[in-house]
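*Asks:* Quick one: the structure is below, and I'll ask about it shortly.
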Number of protein chains: 4
Amino acid sequence: MEYSKGIKAWRTIRSARCSPESLHEFCGVFGIFGDQRAAEKAYLGLYALQHRGQESAGIAASDGEKISIHKGMGLVWSVFAHPDVMPSLAGASAIAHNRYSTTGVSDLVNAQPLVVTIDGQSVAVAHNGNLVNSLSLRTMLEKAGSIFQTTTDSEIVLHLIARSQKASIEERIIEALSFIEGAYCFLFLTTSAIIAARDPYGFRPLCLGRLGSATTVASESCAFDIIGGDYIRTIDPGEIITIDTSGVSSRHLPAEERKALCIFEYIYFSRPDSLIFGEKVDKVRRRLGKRLALEAPADADIVIAVPDSANTAALGYAQASGLRFEIGLIRNHYVGRTFIAPHQRERDRDVRVKFNPVSGVLQNKRVVVVDDSIVRATTLRQLIRLIRSAGAAQIHVRVGSPPVRCPCFYGIDISTHGELIASSHSIEEIRRYLEADSLAYLSVEGMLDVTPHGDSHCTACFTGCYPTDIAENVSGGHCSMVHMSA
Amino acid sequence: MEYSKGIKAWRTIRSARCSPESLHEFCGVFGIFGDQRAAEKAYLGLYALQHRGQESAGIAASDGEKISIHKGMGLVWSVFAHPDVMPSLAGASAIAHNRYSTTGVSDLVNAQPLVVTIDGQSVAVAHNGNLVNSLSLRTMLEKAGSIFQTTTDSEIVLHLIARSQKASIEERIIEALSFIEGAYCFLFLTTSAIIAARDPYGFRPLCLGRLGSATTVASESCAFDIIGGDYIRTIDPGEIITIDTSGVSSRHLPAEERKALCIFEYIYFSRPDSLIFGEKVDKVRRRLGKRLALEAPADADIVIAVPDSANTAALGYAQASGLRFEIGLIRNHYVGRTFIAPHQRERDRDVRVKFNPVSGVLQNKRVVVVDDSIVRATTLRQLIRLIRSAGAAQIHVRVGSPPVRCPCFYGIDISTHGELIASSHSIEEIRRYLEADSLAYLSVEGMLDVTPHGDSHCTACFTGCYPTDIAENVSGGHCSMVHMSA
Amino acid sequence: MEYSKGIKAWRTIRSARCSPESLHEFCGVFGIFGDQRAAEKAYLGLYALQHRGQESAGIAASDGEKISIHKGMGLVWSVFAHPDVMPSLAGASAIAHNRYSTTGVSDLVNAQPLVVTIDGQSVAVAHNGNLVNSLSLRTMLEKAGSIFQTTTDSEIVLHLIARSQKASIEERIIEALSFIEGAYCFLFLTTSAIIAARDPYGFRPLCLGRLGSATTVASESCAFDIIGGDYIRTIDPGEIITIDTSGVSSRHLPAEERKALCIFEYIYFSRPDSLIFGEKVDKVRRRLGKRLALEAPADADIVIAVPDSANTAALGYAQASGLRFEIGLIRNHYVGRTFIAPHQRERDRDVRVKFNPVSGVLQNKRVVVVDDSIVRATTLRQLIRLIRSAGAAQIHVRVGSPPVRCPCFYGIDISTHGELIASSHSIEEIRRYLEADSLAYLSVEGMLDVTPHGDSHCTACFTGCYPTDIAENVSGGHCSMVHMSA
Amino acid sequence: MEYSKGIKAWRTIRSARCSPESLHEFCGVFGIFGDQRAAEKAYLGLYALQHRGQESAGIAASDGEKISIHKGMGLVWSVFAHPDVMPSLAGASAIAHNRYSTTGVSDLVNAQPLVVTIDGQSVAVAHNGNLVNSLSLRTMLEKAGSIFQTTTDSEIVLHLIARSQKASIEERIIEALSFIEGAYCFLFLTTSAIIAARDPYGFRPLCLGRLGSATTVASESCAFDIIGGDYIRTIDPGEIITIDTSGVSSRHLPAEERKALCIFEYIYFSRPDSLIFGEKVDKVRRRLGKRLALEAPADADIVIAVPDSANTAALGYAQASGLRFEIGLIRNHYVGRTFIAPHQRERDRDVRVKFNPVSGVLQNKRVVVVDDSIVRATTLRQLIRLIRSAGAAQIHVRVGSPPVRCPCFYGIDISTHGELIASSHSIEEIRRYLEADSLAYLSVEGMLDVTPHGDSHCTACFTGCYPTDIAENVSGGHCSMVHMSA
């Protein structure tokens, strides 16, 4: 599935709903405490987490006395390319952030980390996720005299911290978090500590690691690998970790009745070489592919993946089905803002710039095309045409997850019913739209059987069973909005 | 006097005292309401006011529904050079800001205008001046739970507005202004109005103008000239002007016992072709030069100016003395960040890059060198060496203002005693330092005789008589701190 | 094998030998005649050929009267990102060039296409390959009064064309080509035609294609696919194609006794989805992998590739061996100039930034690692360490080509014996250096058995049998320099 | 006169005649031999000569073994702003060039210095002036097989040098120079010497100077002042200076019957603080103003200049007439590419952005406005409107040179009759166009009386008496083309 990188296509859609409360954010966060080259490690951590956000990147570092910050629009390497930048980020602790979301030129104001002064103290914050009560909190805070300079959820939390009457910054943070609801992982950097918090539902992943004597936190474990560090454990839903010179301490927010670990992180979003929610992504993704082969076999010659996101599922499918795995689509990795002349705006061009079919592999073959998920189906439809034009005899689409029917309000950019082909079309209709010879999805049951946390996963995008109250986020729609914790 | 443009030299000094409360700001502001090309007019207005701030520039525009903003580091033309920028600033009202002050790479966060959401409403603000009670206000606001993202006085005022319980934004602004003390001109832009406010002392100039059916405000009248508009009047000390579709309305803050119009605006800071405080700068500056000739004649052949700031005073001196005016120093106007290799850091080089003496004019002549003011004297000392090396027989320095002895806390960047040669040296000592054959300053009395507002001027930098309480800003110093309004 | 993209690593080496005659160039060329949006097609063509050169890109377009040019350092998308660029390249014919080679800041002068005026006529040229007699030609031309502004072979040819006494530009080009020896594909653009020439040995690939009524040429057929065009045929060794409004005409340079199609294009350099030398790269690469499995089986559990270049060979190995293909290394595609702090220069860091092992796949497994070729072995050594640290029980390296023992003088950047581990080490020594459990290369015979052109391939880098006289290029070295055509 | 800096306005005109032979060039050149920081001195020299060319800048430096080069579009400071640039220009000798001339994006190819390899030797060249036989030379060279990569005269000379059969580079240069005719100052840099040559007519200025033990050359002496160096003498017409480790040696090209020192350098082009052709510019310019006052007195109250170019002439006029000199126009020096919206293209706006009248000076006054020269009169016409709108009672225009009636073919950008108002209008017609109360020019006789070299000056732009054969450059026109040397 290409949608997380189909920046251009999505931009159009996003700009239509860029009111503050609907600004969803894919993000990656990284933090390190106790390393003399904290910012350099943060840079590498961001680089490993680049897939979680390509629109802006930022690092805030503390030398124990003050907090320095640099952030910019663009890929990590370009934001930090100027030789003056890294030396300006001195200190032994740092937090960092990749963001995927933009609605225009001046959007740098929304880039993270955000650094503010609260009661004389500098605090930086980086946030991954999406609050579901941000609108009411923001209105309440504005009524009470808070001013907003960004449209990020992070600023809401900073205001709540600032208004807390508690003595320590840690207690203030805990009090602030008690007001918010939704999906979040927060990293706070003060001059003397890093505080990491994961929401009680556990929507987004957050891992604890180690590099020599330094302590690290990151959205995914691949950020530890790149710096040669070790993974220790997942940070629990509702857990708040404080890292300072006296070590790592932990406390917990009140538990929620249920957990809601985002199953889409396993299906598509995280890197296959990462370990999240305590399990390796690659293993889960392969099991999805194998299960798919059992549920939806195909009379075919070869199995190919939509690269790179569906590679592992396709390998699983091939293994379980006994069909040969092949590389039938080559992906062009020299990404960047592609020049598209006005008259070239046909989607056809777009997909050809990114993918080229390997006709030697495909010719006269009955091909199983494995994709990890289908959101809008527009790219897949073009891919199928490409594959067919390369000589494939039959094309059988197999999808490593159930139909995506409902929007996500927790940070994955699947936001309106209109965009989701499965919310308004039957599988047969989708097949016809795709011009595929057959189409099958993995079942919800099959998916839950092979994912490690069963009912503790959030499956709202497939089932409409939202683990939180989402009244604030919904303006109609025909999803069966079951509030599961009720 | 070169100091307002000696960016490099001052940066060193500034970086040593960049705590929030000492961040002084030279600035220019411009606003226009009721012109379909408001942002373009604002651009030209900023261009005319470029001398008031060269470090950053910004424009906020409103189309009646939302506020757009663009700002950046650098000269006006470069900040708005990208072809996408101006079209993005749609609407019939706009405010704009030039800023002179920077402490580093990430300083863009302090650039103005600042745009925030207050109780659901977008408000932009641009500010020229310096509050004297910003530290206590900020501390108070932080205690009450406000967070600060910048170190500007503007953000303080925005917090005060946000916390006001008044109904309308205008009443909120008036209430907020009642808390602050110091030198300020504020322009606020809402989606439906521009509100302009000048402090009750009247430190900084602010003019009201007209362009067709549109209403304009600006720090100096030269910003009206560039767009082909008309000057109407000066905005009074303590006056608050509201400009909206129903016209221009005015109200006043409680009056202060005294006025304190910055006399330095006439001496150096404003453009000679501007009209400020109701009087033409050029006229005042010429009278200063004439009076100087009467007070401090010289037995000399020619009169030259330190270009360009002292040109008018030198012409006045020449006229009153009967000596011939000559152009003895050529100034290089291709400014920009000059490359200076580490080993070239001698100040000698600096002055030669900016000025070249015209030896044909100077050779064997007894020369009166007129400068508008002396702050640190380092540049002037080098200029005198240059003039002497070009063959001048005698050099008589005449200064169109009294000795600058005390720091300014109202927005002019004369901040610490240490920088002010006259705060610790006698005139004879300064003459020896300058290696001049003679040196004379204008007297305070002479200056006040020829400036239009007499005792209503602030002369604190010459006399130490501060019109406001400055306890918060002072940490020692041997100036006689007389609080004149006491 | 990572070397074509290991820009940083190679730069060090290259800078040591940047005399004009040793400046080897990987390049991609593209041309189109008869399309109203020729430059846009050329842009896309370059994009598809980006793997052949990432250092500079350029397009020259003709509108029938004049030739416009734009070129710059960097990836295609960034060179042409400015909105003014593409509209400035008007016309129905264009040639384009990607270049991999740089020796410093001012290297833009060597970027291609090169545009010159020859006898009043504008001519642009783009060149892929490397002449072996450039030094003597250059010396001869300089003696005759030619001046050189670049260090490219292209400029040599332009001088030869200029000095020809023939009447037409086409005849001049043919005469010029008769002087040069080595590997080349040239595209010439005049205001009325495109002339494409391939050297008589046929070292580099060059394909002829069609897009509607327009005619296209490109290094690889993938450049036709991206614009939705068709592949017609390979341009023959020694063939000169003239494309103008009267159609496509062909003539031939005197034939060489032998052909010398670069076998490395099949092994590593071309894209797997391309068709070159009349055969699909993917097919050949897969056969190399299968043959490798037969020649060098391994007692192992899984087969993984060094992505992405060895993917196809690994699939072939897996298929022939019956072992399961797995994705054991994840490659980070967010390339760009990676920040590497001085103290981080250990190679370990480098490889971790680019690759992450999937431990779930590798743990306790006996792993066959297939690479396409080994040049210096440094990256592979680190990869093996990474794989082992991820838990692999055994690591068996299998290489889809014979040991690279001799430098290439025809445009592939394998230039000095010192860089080639196989030129001075036995296979067992290399295995120990790699810390692999076993190591096997494909045999020369095996390779030639499965590549389509048998003895018509150049295999000099493996065998030292150079098809041309290379006396000019060699300064010692212990390769057995057999001049095969002798 | 504003025209040399009215880049925008002229660009339109220039683009209409950008065939190679009409590409005139204003330029500044600088060279230094024997200073360990040669490039830094060259940078400062270029900075002082910035008025001679603002479109591109370049420095070539030699460390005795190789020549490094950096050049770019834009002002000096920006071209060399990147911190890596200056350190890359190592060596004790350097030549540098400022250029004013551009026809588009890709014009960097024409920027100077140009560096080429001639017979194995690197040679850099910087050139100020314009050849009158470039078209025939170029055609001849192209016929002989030379290729051209630029449209500069410099490249022609390099080809001639390359084709010379003489033994030493110096002899080759002399032979090459014997072929060319026109206005030129050339600086050549080899790895071991700088060779400076001035054409036998002496059109353009070239000065010899000294900095410690280093030898310097520059278009104007102000470039020596900025580095703290000394002026030695003017380089003679036809003189060739060789500077190497054995010192400075001189030889001469065959003399021309007459000299033709460009009188416009004194009138407008050179800086007033420079010494050129052996005389101080300021002195000459003042004499022009005094003579103008005698020839064309005015019944007026004050004298103002069109700043800055006419300042000195206006001072002279004031002195001789006894009228008071005033500053009546303020010029905005924050130049840069001014944003001009399409609908703002009226010239009115342009002039207001650059100049503001000082109404306090002008009101109710009878004003003499001194300009140095009138080319097209469009800017002056707007200035006069501005001055009148500021309240001037009468406006008397006095011009410090005769009417410009004929194009210049020697490097000053006065190229076609159509642009020259005086070529087709009487003085009374021009006065009416200007809307001035009176208008008077200096006479040719008066001008020659007060310029130092009398008949040795070129006055072709005023008289049509061209010192060289210009058949190649002329395509009609009603100037009386008298070839004076005939």
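Residues are named by chain letter and number: chains run A, B, ... in the order of the structure tokens, numbers start at 1 in each chain, and ligands are numbered from 1 in the order shown.
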What are the closest atom pairs, with distances in Å to one decimal, for all residues of chain C lying within 6 Å of chain A? Consider only C-alpha atoms, order rows by chain and residue number, and present the result as a Markdown table.
*Replies:*
| residue | atom | partner | partner_atom | distance |
| --- | --- | --- | --- | --- |
| C:Trp77 | CA | A:Thr338 | CA | 5.7 |
| C:Ile226 | CA | A:Arg352 | CA | 5.3 |
| C:Asp273 | CA | A:Val358 | CA | 4.8 |
| C:Thr338 | CA | A:Trp77 | CA | 5.8 |
| C:Arg352 | CA | A:Ile226 | CA | 5.3 |
| C:Val353 | CA | A:Ile226 | CA | 5.8 |
| C:Val358 | CA | A:Asp273 | CA | 4.8 |
*Asks:* DSSP on the backbone, then: every residue of region 274-402 of chain C marked strand (DSSP E or B), written as a ChimeraX atom specification.
*Replies:* /C:275-276,279-280,302-305,324-326,329-331,355-357,366-371,394-399
*Asks:* Can you list every residue in region 247-387 of chain B that DSSP puts in alpha helix (DSSP H), as a ChimeraX atom specification?
*Replies:* /B:263-264,281-295,311-321,347-354,359-362,378-387
*Asks:* What's the 7 Å shell around region 127-130 of chain A, counting only C-alpha atoms, without same-chain residues fewer than 2 positions away, as a PDB file with N, CA and C atoms, in the first residue's frame?
*Replies:*
ATOM      1  N   HIS A  24      -4.598  15.079  11.555  1.00  0.00           N
ATOM      2  CA  HIS A  24      -4.006  13.828  12.029  1.00  0.00           C
ATOM      3  C   HIS A  24      -2.515  13.817  11.775  1.00  0.00           C
ATOM      4  N   GLU A  25      -1.809  13.056  12.560  1.00  0.00           N
ATOM      5  CA  GLU A  25      -0.372  13.063  12.436  1.00  0.00           C
ATOM      6  C   GLU A  25       0.205  11.670  12.565  1.00  0.00           C
ATOM      7  N   PHE A  26       0.861  11.229  11.529  1.00  0.00           N
ATOM      8  CA  PHE A  26       1.768  10.094  11.628  1.00  0.00           C
ATOM      9  C   PHE A  26       3.048  10.651  12.192  1.00  0.00           C
ATOM     10  N   CYS A  27       3.682   9.997  13.090  1.00  0.00           N
ATOM     11  CA  CYS A  27       4.909  10.565  13.615  1.00  0.00           C
ATOM     12  C   CYS A  27       5.830   9.485  14.127  1.00  0.00           C
ATOM     13  N   GLY A  28       7.080   9.845  14.241  1.00  0.00           N
ATOM     14  CA  GLY A  28       8.045   9.017  14.915  1.00  0.00           C
ATOM     15  C   GLY A  28       8.734   9.849  15.988  1.00  0.00           C
ATOM     16  N   VAL A  29       8.976   9.233  17.135  1.00  0.00           N
ATOM     17  CA  VAL A  29       9.669   9.965  18.200  1.00  0.00           C
ATOM     18  C   VAL A  29      10.884   9.170  18.674  1.00  0.00           C
ATOM     19  N   VAL A 125       8.609  19.286  23.798  1.00  0.00           N
ATOM     20  CA  VAL A 125       7.722  18.143  23.707  1.00  0.00           C
ATOM     21  C   VAL A 125       7.686  17.616  22.272  1.00  0.00           C
ATOM     22  N   VAL A 132      -8.504  12.629  21.018  1.00  0.00           N
ATOM     23  CA  VAL A 132      -9.888  12.659  20.527  1.00  0.00           C
ATOM     24  C   VAL A 132     -10.704  13.752  21.210  1.00  0.00           C
ATOM     25  N   SER A 154       0.081  18.772  20.813  1.00  0.00           N
ATOM     26  CA  SER A 154       1.172  18.974  21.759  1.00  0.00           C
ATOM     27  C   SER A 154       1.003  20.283  22.520  1.00  0.00           C
ATOM     28  N   GLY A 182      -7.227   9.773  24.021  1.00  0.00           N
ATOM     29  CA  GLY A 182      -6.883   9.498  22.628  1.00  0.00           C
ATOM     30  C   GLY A 182      -5.601   8.695  22.550  1.00  0.00           C
ATOM     31  N   ALA A 183      -5.000   8.771  21.403  1.00  0.00           N
ATOM     32  CA  ALA A 183      -3.787   8.001  21.140  1.00  0.00           C
ATOM     33  C   ALA A 183      -2.598   8.929  21.284  1.00  0.00           C
ATOM     34  N   TYR A 184      -1.661   8.548  22.132  1.00  0.00           N
ATOM     35  CA  TYR A 184      -0.486   9.413  22.228  1.00  0.00           C
ATOM     36  C   TYR A 184       0.737   8.689  22.761  1.00  0.00           C
ATOM     37  N   CYS A 185       1.851   9.090  22.263  1.00  0.00           N
ATOM     38  CA  CYS A 185       3.118   8.866  22.948  1.00  0.00           C
ATOM     39  C   CYS A 185       3.763  10.235  23.039  1.00  0.00           C
ATOM     40  N   PHE A 186       4.089  10.641  24.238  1.00  0.00           N
ATOM     41  CA  PHE A 186       4.729  11.933  24.440  1.00  0.00           C
ATOM     42  C   PHE A 186       6.147  11.750  24.940  1.00  0.00           C
ATOM     43  N   LEU A 187       7.046  12.553  24.400  1.00  0.00           N
ATOM     44  CA  LEU A 187       8.372  12.691  25.013  1.00  0.00           C
ATOM     45  C   LEU A 187       8.513  14.144  25.446  1.00  0.00           C
ATOM     46  N   ARG A 204      -0.304   3.705  20.264  1.00  0.00           N
ATOM     47  CA  ARG A 204       0.946   3.796  19.500  1.00  0.00           C
ATOM     48  C   ARG A 204       2.066   3.064  20.228  1.00  0.00           C
ATOM     49  N   PHE A 409      -9.271   7.726  14.121  1.00  0.00           N
ATOM     50  CA  PHE A 409      -9.151   8.998  14.831  1.00  0.00           C
ATOM     51  C   PHE A 409      -7.953   9.001  15.772  1.00  0.00           C
ATOM     52  N   TYR A 410      -7.050   8.058  15.549  1.00  0.00           N
ATOM     53  CA  TYR A 410      -5.961   7.879  16.509  1.00  0.00           C
ATOM     54  C   TYR A 410      -4.583   8.073  15.886  1.00  0.00           C
ATOM     55  N   GLY A 411      -4.548   8.737  14.775  1.00  0.00           N
ATOM     56  CA  GLY A 411      -3.234   9.070  14.259  1.00  0.00           C
ATOM     57  C   GLY A 411      -2.863   8.432  12.932  1.00  0.00           C
TER      58      GLY A 411
END
*Asks:* Please report as JSON lines every residue of region 186-241 of chain D lying within 9 Å of region 90-95 of chain D, along with the nearest atom pair and their distance in Å (one decimal), using only C-alpha atoms.
*Replies:*
{"residue": "D:Leu187", "atom": "CA", "partner": "D:Ile95", "partner_atom": "CA", "distance": 6.9}
{"residue": "D:Phe188", "atom": "CA", "partner": "D:Ile95", "partner_atom": "CA", "distance": 7.6}
{"residue": "D:Leu189", "atom": "CA", "partner": "D:Ile95", "partner_atom": "CA", "distance": 6.6}
{"residue": "D:Thr191", "atom": "CA", "partner": "D:Ser93", "partner_atom": "CA", "distance": 8.4}
{"residue": "D:Ser192", "atom": "CA", "partner": "D:Ser93", "partner_atom": "CA", "distance": 8.4}
{"residue": "D:Ala193", "atom": "CA", "partner": "D:Ser93", "partner_atom": "CA", "distance": 7.8}
{"residue": "D:Ile194", "atom": "CA", "partner": "D:Ser93", "partner_atom": "CA", "distance": 7.7}
{"residue": "D:Ala214", "atom": "CA", "partner": "D:Ala92", "partner_atom": "CA", "distance": 9.0}
{"residue": "D:Val217", "atom": "CA", "partner": "D:Ile95", "partner_atom": "CA", "distance": 9.0}
*Asks:* Emit the selected residues as a short mmCIF file (atom, residue, chain, number, x, y, z; two decimals), in the first residue's frame, including C-alpha atoms.
*Replies:*
data_model
loop_
_atom_site.label_atom_id
_atom_site.label_comp_id
_atom_site.auth_asym_id
_atom_site.auth_seq_id
_atom_site.Cartn_x
_atom_site.Cartn_y
_atom_site.Cartn_z
CA LEU D 187 44.01 39.69 -16.93
CA PHE D 188 45.48 36.26 -17.55
CA LEU D 189 46.42 33.93 -14.72
CA THR D 191 50.12 28.84 -12.56
CA SER D 192 53.22 31.00 -12.42
CA ALA D 193 52.27 34.50 -13.53
CA ILE D 194 49.67 37.18 -14.05
CA ALA D 214 52.59 41.81 -3.64
CA VAL D 217 46.15 45.38 -10.85
#
*Asks:* Pick the closest to Glu256 (chain D) from D:Ser178, D:Val375, D:Gln363, D:Met447: which is it, counting only C-alpha atoms?
*Replies:*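 The shortest atom-to-atom distance to Glu256 (chain D) comes from D:Ser178.
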